Amino acid sequence: MTARARAAGRPEEAPFLGVGVGLRPVHYREIFERADAGEALPVDFFEILSENFMVPGGKPLRMLDRACSLRPVVLHGVAMNIGSSDPLDDDYLGDLDRLAQRTQPHWLSDHLCWTGVDGKSLHDLVPLPYSEGVIRHVADRVRRVQDRLGRRIALENVSSYMSFADDAMPEWDFLGEIAEYADCGILLDVNNVFVSAHNHGFTPETYIDRMPAERVFQIHLAGHSESPPLLIDTHDHPVRDEVWQLYAYTLERLGPVSTSIEWDDHIPPFAVLLEEVEKARKIVERVL
Amino acid sequence: MNTDSLAQVQRRLWRLIAWPEGVRAALDQERDGEVSEERDGERSEAAAPLASIVKSDARLAAEDRLDVYANAYFYRIHDVLAEDFPSLVALFGEDGFHDLVTSYLAVFPSRHPSLRHIGGRLAEFVDEHPAGESFRQRFAFAGDLARYEAATEDVFDAADATPATRDDLAAVAPEDWAGLPLRLVPSVRILRLGWPVHEVRHAVRDGQPIPTLGDAPVPLALCLWREDERVVSREVAPDECSALEAASRGVSFGALCEQIANDRGENEAPLQAAGWLAGWIDAGLVLALEPTA
């Protein structure tokens, strides 16, 4: 089966948008100056960090509106806390819904993890025990979120540095089963697959092979750091060669999937980010 | 694993990750039996060896794997607070600010999904909490400085609004003035402080030495608001501060005059109120001038 044929199984609400970038304030000036000057902006979409714009007003929302006028957007959150034993945070979901009304994103995503308990946030993406009970717990919550927002969301696999002693299955089955039970999408972070494969000793290609193509809304690419014996998902480097190779492998299997580059620390000039976009684009063209 | 057992695991991991001295110190505390348990069910979970919950392997022990999250927890929040409170960093120095963040988080862990609100109780911690005593002893004005820097963040992303103009004021019929409800734009913050901490913030911003403010408070009031995308502030006299506070509560122009009349007499009050109102309108502080029906 060719990649193009496989593309026929892509999720309807997640069309191939091309290659985008995570929108960061440090790049506003360059992006908007390019737009004002009528220069090319070789980015197919912006990924918006939801929580950064859950504010009443001011410059953040003005910049957001401007970005939305230039390119299609998708929303990406870090604080839904979908795997927590806490009740779902209705205030948060209300804010997210309002942001979605404002930005009209193609889709929304968050992470398959927990970020806090008893109302106290760690502001980190902590993995979950991989068990049938947790699958049911999370899938039920995802369904309720989707009902609240009136649309399917995508869950992202996180980089992890620990796992649980009584994990009953590999991560790819955990993610796949939740997506199936909840009928949600998947945001496949190829760098996270690579990082977690190293940290937990599995083969990254196995993870990719088990991803249901019809549920993958989007792909993330980012750089990571080495902190022997672990790899850490720091988003502060260019995408590593091994991750580019895994990305090509992923596209060969899944077909065209909207892809965004994340860079969150030691953020380089926009032109450097565009070099990463161009690398991704070349792989898309080569593979597809 | 059901939701209850998931909750137990998450509570224990939260505590180990957020423990101020690190995961191993938290585990030592558990072993020493010094952990105060809030629920009967937690004790048995807390007493279980960590390795029975988090996997250890030949490369790395469970404690070390959890330490990755503990370090990330502290430094992620530290970095956001350092960005939001640059003057406190300059005041206490890197090490002192590190200690401040550690002590603050132990008392007021984040209770909001967004890091945007992480410093919301820092002033309260420094000014009032027993664990904040060493910080306020070192700099009596540190709490005020935290309050000012937090307000600056609030002003920056406060809701947008169209301010009233002098033309709006001129269009108000004389008989409508008394009932004219005053409202301020959402970005306005009025702070009653004991020290001119804005001078500290400005000195830090400009790379100048931090001014000496002394230990004894000298009350003053600041009004902060947003002009375009910039946060600006000015000192306001006590009576104007009271008037601004009244306007922020949505009193009518007539009620404002009555308040001013208590201090200045009935003859002077309308003129003073109109003068302040004109100044507030010129600064873009007034939201709308709508006569009551």
# chains A, B, ... in the order shown; residues from 1 in each chain; ligands from 1

$ interface_residues --of "chain B" --to "chain A" --cutoff "7 Å" --atoms "only C-alpha atoms" --output "mmCIF file with N, CA, C and O atoms, in the first residue's frame"
data_model
loop_
_atom_site.group_PDB
_atom_site.id
_atom_site.type_symbol
_atom_site.label_atom_id
_atom_site.label_comp_id
_atom_site.auth_asym_id
_atom_site.auth_seq_id
_atom_site.Cartn_x
_atom_site.Cartn_y
_atom_site.Cartn_z
ATOM 1 N N MET B 1 -6.483 -1.173 38.391
ATOM 2 C CA MET B 1 -6.412 0.035 39.225
ATOM 3 C C MET B 1 -7.681 0.853 39.036
ATOM 4 O O MET B 1 -8.017 1.232 37.903
ATOM 5 N N ASN B 2 -8.382 1.148 40.138
ATOM 6 C CA ASN B 2 -9.583 1.971 40.020
ATOM 7 C C ASN B 2 -9.246 3.430 40.339
ATOM 8 O O ASN B 2 -8.083 3.776 40.631
ATOM 9 N N THR B 3 -10.262 4.293 40.291
ATOM 10 C CA THR B 3 -10.001 5.722 40.468
ATOM 11 C C THR B 3 -9.455 6.011 41.867
ATOM 12 O O THR B 3 -8.592 6.878 42.036
ATOM 13 N N LEU B 6 -5.858 5.031 41.928
ATOM 14 C CA LEU B 6 -5.132 6.007 41.112
ATOM 15 C C LEU B 6 -4.913 7.290 41.913
ATOM 16 O O LEU B 6 -3.827 7.880 41.897
ATOM 17 N N ALA B 7 -5.947 7.708 42.636
ATOM 18 C CA ALA B 7 -5.834 8.921 43.453
ATOM 19 C C ALA B 7 -4.746 8.755 44.515
ATOM 20 O O ALA B 7 -3.958 9.681 44.763
ATOM 21 N N GLN B 10 -1.404 9.053 42.828
ATOM 22 C CA GLN B 10 -1.119 10.425 42.394
ATOM 23 C C GLN B 10 -0.838 11.334 43.583
ATOM 24 O O GLN B 10 0.040 12.195 43.507
ATOM 25 N N ARG B 11 -1.552 11.137 44.688
ATOM 26 C CA ARG B 11 -1.279 11.961 45.877
ATOM 27 C C ARG B 11 0.140 11.718 46.382
ATOM 28 O O ARG B 11 0.857 12.646 46.751
ATOM 29 N N SER B 52 7.769 -0.401 44.613
ATOM 30 C CA SER B 52 6.571 -1.184 44.325
ATOM 31 C C SER B 52 5.588 -0.378 43.481
ATOM 32 O O SER B 52 4.599 -0.913 42.981
ATOM 33 N N ILE B 53 5.842 0.903 43.331
ATOM 34 C CA ILE B 53 4.969 1.757 42.513
ATOM 35 C C ILE B 53 5.686 2.196 41.234
ATOM 36 O O ILE B 53 5.178 2.039 40.132
ATOM 37 N N VAL B 54 6.886 2.760 41.418
ATOM 38 C CA VAL B 54 7.664 3.245 40.266
ATOM 39 C C VAL B 54 8.771 2.239 39.972
ATOM 40 O O VAL B 54 9.491 1.808 40.881
ATOM 41 N N LYS B 55 8.890 1.891 38.698
ATOM 42 C CA LYS B 55 9.835 0.856 38.301
ATOM 43 C C LYS B 55 11.289 1.352 38.427
ATOM 44 O O LYS B 55 11.607 2.462 37.999
ATOM 45 N N ARG B 59 19.651 0.790 35.049
ATOM 46 C CA ARG B 59 20.208 2.108 34.695
ATOM 47 C C ARG B 59 19.919 3.168 35.747
ATOM 48 O O ARG B 59 20.728 4.052 35.994
ATOM 49 N N ARG B 65 14.528 8.501 38.943
ATOM 50 C CA ARG B 65 13.581 8.792 37.858
ATOM 51 C C ARG B 65 12.554 9.835 38.326
ATOM 52 O O ARG B 65 12.217 10.754 37.589
ATOM 53 N N LEU B 66 12.105 9.685 39.566
ATOM 54 C CA LEU B 66 11.139 10.649 40.087
ATOM 55 C C LEU B 66 11.787 12.026 40.294
ATOM 56 O O LEU B 66 11.126 13.068 40.176
ATOM 57 N N TYR B 73 9.712 20.312 38.247
ATOM 58 C CA TYR B 73 8.638 21.025 38.961
ATOM 59 C C TYR B 73 9.161 22.324 39.529
ATOM 60 O O TYR B 73 8.614 23.403 39.300
ATOM 61 N N PRO B 109 1.240 25.813 47.140
ATOM 62 C CA PRO B 109 1.441 25.143 45.849
ATOM 63 C C PRO B 109 0.431 25.660 44.824
ATOM 64 O O PRO B 109 -0.606 26.216 45.204
ATOM 65 N N SER B 110 0.742 25.497 43.574
ATOM 66 C CA SER B 110 -0.110 26.044 42.517
ATOM 67 C C SER B 110 -1.491 25.400 42.548
ATOM 68 O O SER B 110 -1.625 24.183 42.564
ATOM 69 N N ARG B 111 -2.508 26.218 42.536
ATOM 70 C CA ARG B 111 -3.879 25.709 42.521
ATOM 71 C C ARG B 111 -4.622 26.178 41.280
ATOM 72 O O ARG B 111 -5.847 26.245 41.274
ATOM 73 N N HIS B 112 -3.887 26.550 40.266
ATOM 74 C CA HIS B 112 -4.513 26.993 39.020
ATOM 75 C C HIS B 112 -3.862 26.229 37.861
ATOM 76 O O HIS B 112 -2.652 25.987 37.892
ATOM 77 N N PRO B 113 -4.663 25.840 36.860
ATOM 78 C CA PRO B 113 -4.047 25.080 35.771
ATOM 79 C C PRO B 113 -2.964 25.850 35.016
ATOM 80 O O PRO B 113 -2.068 25.236 34.438
ATOM 81 N N SER B 114 -3.053 27.168 35.009
ATOM 82 C CA SER B 114 -2.065 27.944 34.260
ATOM 83 C C SER B 114 -1.001 28.520 35.189
ATOM 84 O O SER B 114 -1.300 29.008 36.275
ATOM 85 N N PHE B 156 -1.202 43.908 32.590
ATOM 86 C CA PHE B 156 -0.713 43.584 31.240
ATOM 87 C C PHE B 156 -1.756 42.837 30.408
ATOM 88 O O PHE B 156 -1.950 43.132 29.235
ATOM 89 N N ASP B 157 -2.411 41.854 31.034
ATOM 90 C CA ASP B 157 -3.369 41.064 30.238
ATOM 91 C C ASP B 157 -4.805 41.205 30.749
ATOM 92 O O ASP B 157 -5.621 40.306 30.578
ATOM 93 N N ALA B 158 -5.091 42.343 31.377
ATOM 94 C CA ALA B 158 -6.480 42.616 31.783
ATOM 95 C C ALA B 158 -7.364 42.756 30.548
ATOM 96 O O ALA B 158 -6.878 42.972 29.432
ATOM 97 N N ALA B 159 -8.655 42.634 30.758
ATOM 98 C CA ALA B 159 -9.599 42.706 29.633
ATOM 99 C C ALA B 159 -9.499 44.055 28.921
ATOM 100 O O ALA B 159 -9.231 45.089 29.537
ATOM 101 N N ASP B 160 -9.718 44.011 27.620
ATOM 102 C CA ASP B 160 -9.707 45.242 26.830
ATOM 103 C C ASP B 160 -11.028 45.986 27.020
ATOM 104 O O ASP B 160 -12.050 45.381 27.328
ATOM 105 N N GLU B 229 -0.110 48.843 24.939
ATOM 106 C CA GLU B 229 0.304 47.546 25.492
ATOM 107 C C GLU B 229 1.287 47.712 26.645
ATOM 108 O O GLU B 229 1.853 46.748 27.130
#

$ residues_around --residues "B:Ala72" --least-positions-apart "3" --cutoff "10 Å" --atoms "only C-alpha atoms" --output "compact mmCIF listing (two decimals) with all heavy atoms, in the first residue's frame"
# COMPACT_ATOMS: atom_id res chain seq x y z
N LEU A 122 1.20 20.25 39.35
CA LEU A 122 2.66 20.11 39.22
C LEU A 122 3.16 20.85 37.99
O LEU A 122 4.37 21.00 37.80
CB LEU A 122 3.04 18.63 39.11
CG LEU A 122 2.88 17.78 40.38
CD1 LEU A 122 2.97 16.30 40.04
CD2 LEU A 122 3.95 18.16 41.40
N HIS A 123 2.24 21.26 37.12
CA HIS A 123 2.61 21.90 35.85
C HIS A 123 3.62 21.04 35.09
O HIS A 123 4.57 21.55 34.49
CB HIS A 123 3.15 23.31 36.09
CG HIS A 123 2.15 24.22 36.74
ND1 HIS A 123 1.03 24.67 36.10
CD2 HIS A 123 2.08 24.70 38.01
CE1 HIS A 123 0.31 25.41 36.92
NE2 HIS A 123 0.92 25.44 38.08
N ASP A 124 3.43 19.74 35.16
CA ASP A 124 4.29 18.83 34.42
C ASP A 124 3.43 17.70 33.88
O ASP A 124 2.30 17.50 34.34
CB ASP A 124 5.41 18.28 35.32
CG ASP A 124 6.62 17.84 34.51
OD1 ASP A 124 6.52 17.78 33.26
OD2 ASP A 124 7.65 17.55 35.12
N ILE B 17 7.23 14.53 44.55
CA ILE B 17 7.78 15.44 43.52
C ILE B 17 7.89 16.86 44.07
O ILE B 17 8.85 17.58 43.80
CB ILE B 17 6.89 15.40 42.26
CG1 ILE B 17 7.05 14.05 41.54
CG2 ILE B 17 7.21 16.54 41.30
CD1 ILE B 17 6.03 13.80 40.43
N ALA B 18 6.90 17.27 44.85
CA ALA B 18 6.85 18.68 45.31
C ALA B 18 7.59 18.90 46.62
O ALA B 18 7.66 20.03 47.10
CB ALA B 18 5.39 19.11 45.45
N ASP B 67 13.07 12.01 40.58
CA ASP B 67 13.81 13.26 40.76
C ASP B 67 13.79 14.13 39.51
O ASP B 67 13.87 15.37 39.60
CB ASP B 67 15.25 12.97 41.17
CG ASP B 67 15.55 13.47 42.58
OD1 ASP B 67 14.76 14.26 43.12
OD2 ASP B 67 16.58 13.05 43.14
N VAL B 68 13.72 13.50 38.34
CA VAL B 68 13.63 14.29 37.10
C VAL B 68 12.39 15.18 37.15
O VAL B 68 12.45 16.37 36.81
CB VAL B 68 13.56 13.35 35.86
CG1 VAL B 68 13.36 14.17 34.58
CG2 VAL B 68 14.81 12.48 35.78
N TYR B 69 11.29 14.62 37.64
CA TYR B 69 10.05 15.41 37.75
C TYR B 69 10.16 16.44 38.86
O TYR B 69 9.64 17.55 38.74
CB TYR B 69 8.86 14.47 37.98
CG TYR B 69 8.57 13.62 36.77
CD1 TYR B 69 9.14 12.35 36.65
CD2 TYR B 69 7.79 14.09 35.73
CE1 TYR B 69 8.92 11.57 35.53
CE2 TYR B 69 7.56 13.32 34.60
CZ TYR B 69 8.12 12.06 34.51
OH TYR B 69 7.90 11.31 33.39
N TYR B 75 12.07 24.03 38.97
CA TYR B 75 12.70 25.02 38.08
C TYR B 75 11.71 25.63 37.08
O TYR B 75 11.86 26.79 36.68
CB TYR B 75 13.92 24.42 37.38
CG TYR B 75 15.09 24.37 38.34
CD1 TYR B 75 15.52 23.17 38.89
CD2 TYR B 75 15.73 25.54 38.73
CE1 TYR B 75 16.57 23.14 39.81
CE2 TYR B 75 16.77 25.52 39.64
CZ TYR B 75 17.18 24.32 40.17
OH TYR B 75 18.20 24.31 41.09
N ARG B 76 10.70 24.86 36.68
CA ARG B 76 9.71 25.44 35.78
C ARG B 76 8.99 26.60 36.49
O ARG B 76 8.83 27.69 35.92
CB ARG B 76 8.71 24.37 35.35
CG ARG B 76 7.62 24.90 34.42
CD ARG B 76 6.71 23.80 33.91
NE ARG B 76 7.43 22.92 32.99
CZ ARG B 76 7.72 21.64 33.24
NH1 ARG B 76 7.33 21.09 34.36
NH2 ARG B 76 8.38 20.91 32.37
N ILE B 77 8.60 26.36 37.73
CA ILE B 77 7.89 27.40 38.47
C ILE B 77 8.84 28.54 38.85
O ILE B 77 8.49 29.72 38.73
CB ILE B 77 7.21 26.79 39.72
CG1 ILE B 77 6.10 25.85 39.27
CG2 ILE B 77 6.66 27.88 40.63
CD1 ILE B 77 5.42 25.08 40.39
N HIS B 78 10.04 28.19 39.26
CA HIS B 78 11.04 29.21 39.59
C HIS B 78 11.24 30.16 38.41
O HIS B 78 11.27 31.39 38.57
CB HIS B 78 12.37 28.52 39.95
CG HIS B 78 13.53 29.47 40.08
ND1 HIS B 78 14.24 29.92 38.98
CD2 HIS B 78 14.10 30.05 41.15
CE1 HIS B 78 15.18 30.74 39.39
NE2 HIS B 78 15.12 30.84 40.69

$ residues_around --residues "B:Phe108" --least-positions-apart "5" --cutoff "10 Å" --atoms "only C-alpha atoms" --output "ChimeraX atom specification"
/A:120 /B:101,103,118-122,124-125

$ write_last_selection --atoms "all heavy atoms" --output "mmCIF file, in the first residue's frame"
data_model
loop_
_atom_site.group_PDB
_atom_site.id
_atom_site.type_symbol
_atom_site.label_atom_id
_atom_site.label_comp_id
_atom_site.auth_asym_id
_atom_site.auth_seq_id
_atom_site.Cartn_x
_atom_site.Cartn_y
_atom_site.Cartn_z
ATOM 1 N N LYS A 120 -4.089 20.638 43.170
ATOM 2 C CA LYS A 120 -2.738 21.212 43.194
ATOM 3 C C LYS A 120 -1.985 20.749 41.951
ATOM 4 O O LYS A 120 -1.869 19.548 41.699
ATOM 5 C CB LYS A 120 -1.999 20.775 44.457
ATOM 6 C CG LYS A 120 -2.657 21.266 45.737
ATOM 7 C CD LYS A 120 -1.932 20.778 46.971
ATOM 8 C CE LYS A 120 -2.112 19.296 47.184
ATOM 9 N NZ LYS A 120 -1.594 18.829 48.488
ATOM 10 N N VAL B 101 11.303 31.015 46.576
ATOM 11 C CA VAL B 101 10.407 30.170 45.774
ATOM 12 C C VAL B 101 10.168 28.839 46.482
ATOM 13 O O VAL B 101 9.034 28.350 46.562
ATOM 14 C CB VAL B 101 10.996 29.943 44.357
ATOM 15 C CG1 VAL B 101 10.165 28.929 43.590
ATOM 16 C CG2 VAL B 101 11.057 31.262 43.595
ATOM 17 N N SER B 103 10.323 28.140 49.701
ATOM 18 C CA SER B 103 9.471 28.325 50.880
ATOM 19 C C SER B 103 8.031 28.629 50.471
ATOM 20 O O SER B 103 7.077 28.137 51.085
ATOM 21 C CB SER B 103 10.008 29.472 51.736
ATOM 22 O OG SER B 103 11.352 29.251 52.062
ATOM 23 N N ILE B 118 0.762 31.744 39.141
ATOM 24 C CA ILE B 118 1.569 31.068 40.151
ATOM 25 C C ILE B 118 2.036 32.020 41.252
ATOM 26 O O ILE B 118 2.222 31.620 42.397
ATOM 27 C CB ILE B 118 2.776 30.354 39.480
ATOM 28 C CG1 ILE B 118 3.535 29.505 40.492
ATOM 29 C CG2 ILE B 118 3.716 31.333 38.826
ATOM 30 C CD1 ILE B 118 2.788 28.307 40.962
ATOM 31 N N GLY B 119 2.217 33.299 40.928
ATOM 32 C CA GLY B 119 2.714 34.233 41.936
ATOM 33 C C GLY B 119 1.630 35.010 42.647
ATOM 34 O O GLY B 119 1.917 35.963 43.382
ATOM 35 N N GLY B 120 0.387 34.595 42.489
ATOM 36 C CA GLY B 120 -0.744 35.364 42.994
ATOM 37 C C GLY B 120 -0.769 35.546 44.504
ATOM 38 O O GLY B 120 -1.392 36.476 45.009
ATOM 39 N N ARG B 121 -0.097 34.658 45.252
ATOM 40 C CA ARG B 121 -0.133 34.775 46.714
ATOM 41 C C ARG B 121 1.252 35.066 47.288
ATOM 42 O O ARG B 121 1.469 34.923 48.493
ATOM 43 C CB ARG B 121 -0.713 33.497 47.322
ATOM 44 C CG ARG B 121 -2.116 33.214 46.803
ATOM 45 C CD ARG B 121 -2.780 32.059 47.526
ATOM 46 N NE ARG B 121 -3.212 32.426 48.864
ATOM 47 C CZ ARG B 121 -3.894 31.613 49.676
ATOM 48 N NH1 ARG B 121 -4.215 30.396 49.273
ATOM 49 N NH2 ARG B 121 -4.248 32.002 50.887
ATOM 50 N N LEU B 122 2.183 35.463 46.438
ATOM 51 C CA LEU B 122 3.549 35.699 46.906
ATOM 52 C C LEU B 122 3.606 36.863 47.897
ATOM 53 O O LEU B 122 4.300 36.791 48.928
ATOM 54 C CB LEU B 122 4.472 35.963 45.697
ATOM 55 C CG LEU B 122 5.964 35.918 45.947
ATOM 56 C CD1 LEU B 122 6.379 34.621 46.629
ATOM 57 C CD2 LEU B 122 6.727 36.068 44.623
ATOM 58 N N GLU B 124 1.203 37.930 49.853
ATOM 59 C CA GLU B 124 0.584 37.456 51.092
ATOM 60 C C GLU B 124 1.572 36.586 51.873
ATOM 61 O O GLU B 124 1.689 36.713 53.108
ATOM 62 C CB GLU B 124 -0.670 36.647 50.742
ATOM 63 C CG GLU B 124 -1.351 35.987 51.909
ATOM 64 C CD GLU B 124 -2.464 35.030 51.437
ATOM 65 O OE1 GLU B 124 -2.883 35.103 50.257
ATOM 66 O OE2 GLU B 124 -2.891 34.209 52.255
ATOM 67 N N PHE B 125 2.296 35.724 51.163
ATOM 68 C CA PHE B 125 3.273 34.859 51.830
ATOM 69 C C PHE B 125 4.351 35.687 52.516
ATOM 70 O O PHE B 125 4.671 35.475 53.690
ATOM 71 C CB PHE B 125 3.911 33.909 50.805
ATOM 72 C CG PHE B 125 5.069 33.126 51.354
ATOM 73 C CD1 PHE B 125 4.857 32.052 52.193
ATOM 74 C CD2 PHE B 125 6.375 33.494 51.043
ATOM 75 C CE1 PHE B 125 5.927 31.336 52.728
ATOM 76 C CE2 PHE B 125 7.450 32.793 51.568
ATOM 77 C CZ PHE B 125 7.224 31.712 52.412
#

$ select_by_dssp --residues "stretch 49-264 of chain B" --states "strand (DSSP E or B)" --output "number ranges by chain"
B: 54, 181-184, 189-193, 220-227, 230-236, 252

$ residues_around --residues "B:Ala178" --least-positions-apart "2" --cutoff "12 Å" --atoms "only C-alpha atoms" --output "PDB file with C-alpha atoms, in the first residue's frame"
ATOM      1  CA  VAL B 172     -23.783  64.560  29.376  1.00  0.00           C
ATOM      2  CA  ALA B 173     -26.803  66.757  30.111  1.00  0.00           C
ATOM      3  CA  PRO B 174     -26.474  68.813  33.340  1.00  0.00           C
ATOM      4  CA  GLU B 175     -29.459  67.073  34.920  1.00  0.00           C
ATOM      5  CA  ASP B 176     -27.807  63.671  34.344  1.00  0.00           C
ATOM      6  CA  LEU B 180     -23.848  59.370  36.121  1.00  0.00           C
ATOM      7  CA  PRO B 181     -22.401  55.960  37.038  1.00  0.00           C
ATOM      8  CA  LEU B 182     -18.627  55.844  36.933  1.00  0.00           C
ATOM      9  CA  VAL B 251     -20.424  54.804  42.337  1.00  0.00           C
ATOM     10  CA  SER B 252     -22.298  57.638  40.669  1.00  0.00           C
ATOM     11  CA  PHE B 253     -20.740  61.033  40.086  1.00  0.00           C
ATOM     12  CA  GLY B 254     -23.124  62.434  42.696  1.00  0.00           C
ATOM     13  CA  ALA B 255     -22.017  59.881  45.298  1.00  0.00           C
ATOM     14  CA  LEU B 256     -18.411  60.675  44.479  1.00  0.00           C
ATOM     15  CA  CYS B 257     -19.103  64.366  45.115  1.00  0.00           C
ATOM     16  CA  GLU B 258     -20.681  63.511  48.472  1.00  0.00           C
ATOM     17  CA  PRO B 270     -18.137  69.060  42.385  1.00  0.00           C
ATOM     18  CA  ALA B 273     -14.611  65.625  41.251  1.00  0.00           C
ATOM     19  CA  ALA B 274     -14.917  67.058  37.744  1.00  0.00           C
ATOM     20  CA  LEU B 289     -20.283  57.541  30.867  1.00  0.00           C
ATOM     21  CA  GLU B 290     -23.846  56.340  30.676  1.00  0.00           C
ATOM     22  CA  PRO B 291     -26.636  58.440  32.157  1.00  0.00           C
ATOM     23  CA  THR B 292     -29.059  56.441  34.232  1.00  0.00           C
TER      24      THR B 292
END

$ select_by_dssp --residues "stretch 52-227 of chain B" --states "alpha helix (DSSP H)" --output "VMD selection string"
chain B and resid 62 to 84 86 to 107 122 to 128 133 to 138 142 to 156 166 to 170 197 to 205

$ residues_around --residues "B:Glu199" --least-positions-apart "4" --cutoff "10 Å" --atoms "only C-alpha atoms" --output "PyMOL selection string"
chain B and resi 145+195+203-205+210-213

$ residues_around --residues "A:Asp44" --least-positions-apart "3" --cutoff "7 Å" --atoms "only C-alpha atoms" --output "list in words"
Leu17, Gly18, Val19, Gly20 and Arg71 of chain A

$ write_last_selection --atoms "all heavy atoms" --output "PDB file, in the first residue's frame"
ATOM      1  N   LEU A  17      -2.677  19.822   6.903  1.00  0.00           N
ATOM      2  CA  LEU A  17      -2.486  21.279   6.815  1.00  0.00           C
ATOM      3  C   LEU A  17      -1.110  21.636   6.308  1.00  0.00           C
ATOM      4  O   LEU A  17      -0.854  22.786   5.947  1.00  0.00           O
ATOM      5  CB  LEU A  17      -2.698  21.921   8.193  1.00  0.00           C
ATOM      6  CG  LEU A  17      -4.066  21.753   8.852  1.00  0.00           C
ATOM      7  CD1 LEU A  17      -4.073  22.400  10.237  1.00  0.00           C
ATOM      8  CD2 LEU A  17      -5.161  22.354   7.983  1.00  0.00           C
ATOM      9  N   GLY A  18      -0.189  20.679   6.301  1.00  0.00           N
ATOM     10  CA  GLY A  18       1.190  20.958   5.917  1.00  0.00           C
ATOM     11  C   GLY A  18       2.098  20.935   7.135  1.00  0.00           C
ATOM     12  O   GLY A  18       1.887  20.176   8.070  1.00  0.00           O
ATOM     13  N   VAL A  19       3.111  21.826   7.106  1.00  0.00           N
ATOM     14  CA  VAL A  19       4.080  21.879   8.213  1.00  0.00           C
ATOM     15  C   VAL A  19       3.960  23.241   8.902  1.00  0.00           C
ATOM     16  O   VAL A  19       4.034  24.283   8.243  1.00  0.00           O
ATOM     17  CB  VAL A  19       5.519  21.663   7.701  1.00  0.00           C
ATOM     18  CG1 VAL A  19       6.497  21.679   8.876  1.00  0.00           C
ATOM     19  CG2 VAL A  19       5.629  20.353   6.939  1.00  0.00           C
ATOM     20  N   GLY A  20       3.755  23.214  10.204  1.00  0.00           N
ATOM     21  CA  GLY A  20       3.572  24.447  10.966  1.00  0.00           C
ATOM     22  C   GLY A  20       4.571  24.574  12.096  1.00  0.00           C
ATOM     23  O   GLY A  20       5.464  23.730  12.261  1.00  0.00           O
ATOM     24  N   ARG A  71      -2.798  32.500   9.270  1.00  0.00           N
ATOM     25  CA  ARG A  71      -2.683  31.073   8.957  1.00  0.00           C
ATOM     26  C   ARG A  71      -3.749  30.295   9.727  1.00  0.00           C
ATOM     27  O   ARG A  71      -4.236  30.754  10.765  1.00  0.00           O
ATOM     28  CB  ARG A  71      -1.297  30.549   9.377  1.00  0.00           C
ATOM     29  CG  ARG A  71      -0.129  31.008   8.507  1.00  0.00           C
ATOM     30  CD  ARG A  71      -0.189  30.359   7.127  1.00  0.00           C
ATOM     31  NE  ARG A  71       0.935  30.740   6.290  1.00  0.00           N
ATOM     32  CZ  ARG A  71       0.960  31.826   5.515  1.00  0.00           C
ATOM     33  NH1 ARG A  71      -0.066  32.648   5.504  1.00  0.00           N
ATOM     34  NH2 ARG A  71       2.013  32.063   4.759  1.00  0.00           N
TER      35      ARG A  71
END

$ atom_distance --atom1 "atom CA of A:Ser109" --atom2 "atom CA of A:Leu155"
5.7 Å

$ closest_residue --among "B:Val236, B:Leu16, B:Leu91, B:Val107" --to "B:Arg138" --atoms "only C-alpha atoms"
B:Leu91

$ closest_residue --among "A:Leu112, A:Ala35, A:Ile219, A:Ile153" --to "A:Asp97" --atoms "only C-alpha atoms"
A:Ile153

$ atom_distance --atom1 "atom CA of A:Arg253" --atom2 "atom CA of A:Glu285"
14.3 Å

$ atom_distance --atom1 "atom CA of B:Gln259" --atom2 "atom CA of B:Glu240"
10.9 Å

$ decode --residues "stretch 222-227 of chain B" --atoms "N, CA, C and O atoms" --output "mmCIF file, in the first residue's frame"
data_model
loop_
_atom_site.group_PDB
_atom_site.id
_atom_site.type_symbol
_atom_site.label_atom_id
_atom_site.label_comp_id
_atom_site.auth_asym_id
_atom_site.auth_seq_id
_atom_site.Cartn_x
_atom_site.Cartn_y
_atom_site.Cartn_z
ATOM 1 N N LEU B 222 -0.576 54.007 44.585
ATOM 2 C CA LEU B 222 -0.220 53.995 43.169
ATOM 3 C C LEU B 222 -1.430 53.561 42.356
ATOM 4 O O LEU B 222 -2.192 52.680 42.778
ATOM 5 N N CYS B 223 -1.564 54.156 41.194
ATOM 6 C CA CYS B 223 -2.566 53.706 40.237
ATOM 7 C C CYS B 223 -1.820 53.143 39.037
ATOM 8 O O CYS B 223 -0.945 53.812 38.471
ATOM 9 N N LEU B 224 -2.132 51.905 38.691
ATOM 10 C CA LEU B 224 -1.523 51.265 37.521
ATOM 11 C C LEU B 224 -2.602 51.065 36.466
ATOM 12 O O LEU B 224 -3.754 50.745 36.795
ATOM 13 N N TRP B 225 -2.234 51.203 35.216
ATOM 14 C CA TRP B 225 -3.158 50.908 34.134
ATOM 15 C C TRP B 225 -2.358 50.635 32.869
ATOM 16 O O TRP B 225 -1.120 50.688 32.885
ATOM 17 N N ARG B 226 -3.062 50.323 31.800
ATOM 18 C CA ARG B 226 -2.389 49.966 30.546
ATOM 19 C C ARG B 226 -2.643 51.046 29.506
ATOM 20 O O ARG B 226 -3.793 51.444 29.300
ATOM 21 N N GLU B 227 -1.564 51.518 28.913
ATOM 22 C CA GLU B 227 -1.673 52.444 27.787
ATOM 23 C C GLU B 227 -1.194 51.695 26.562
ATOM 24 O O GLU B 227 -0.017 51.339 26.480
#
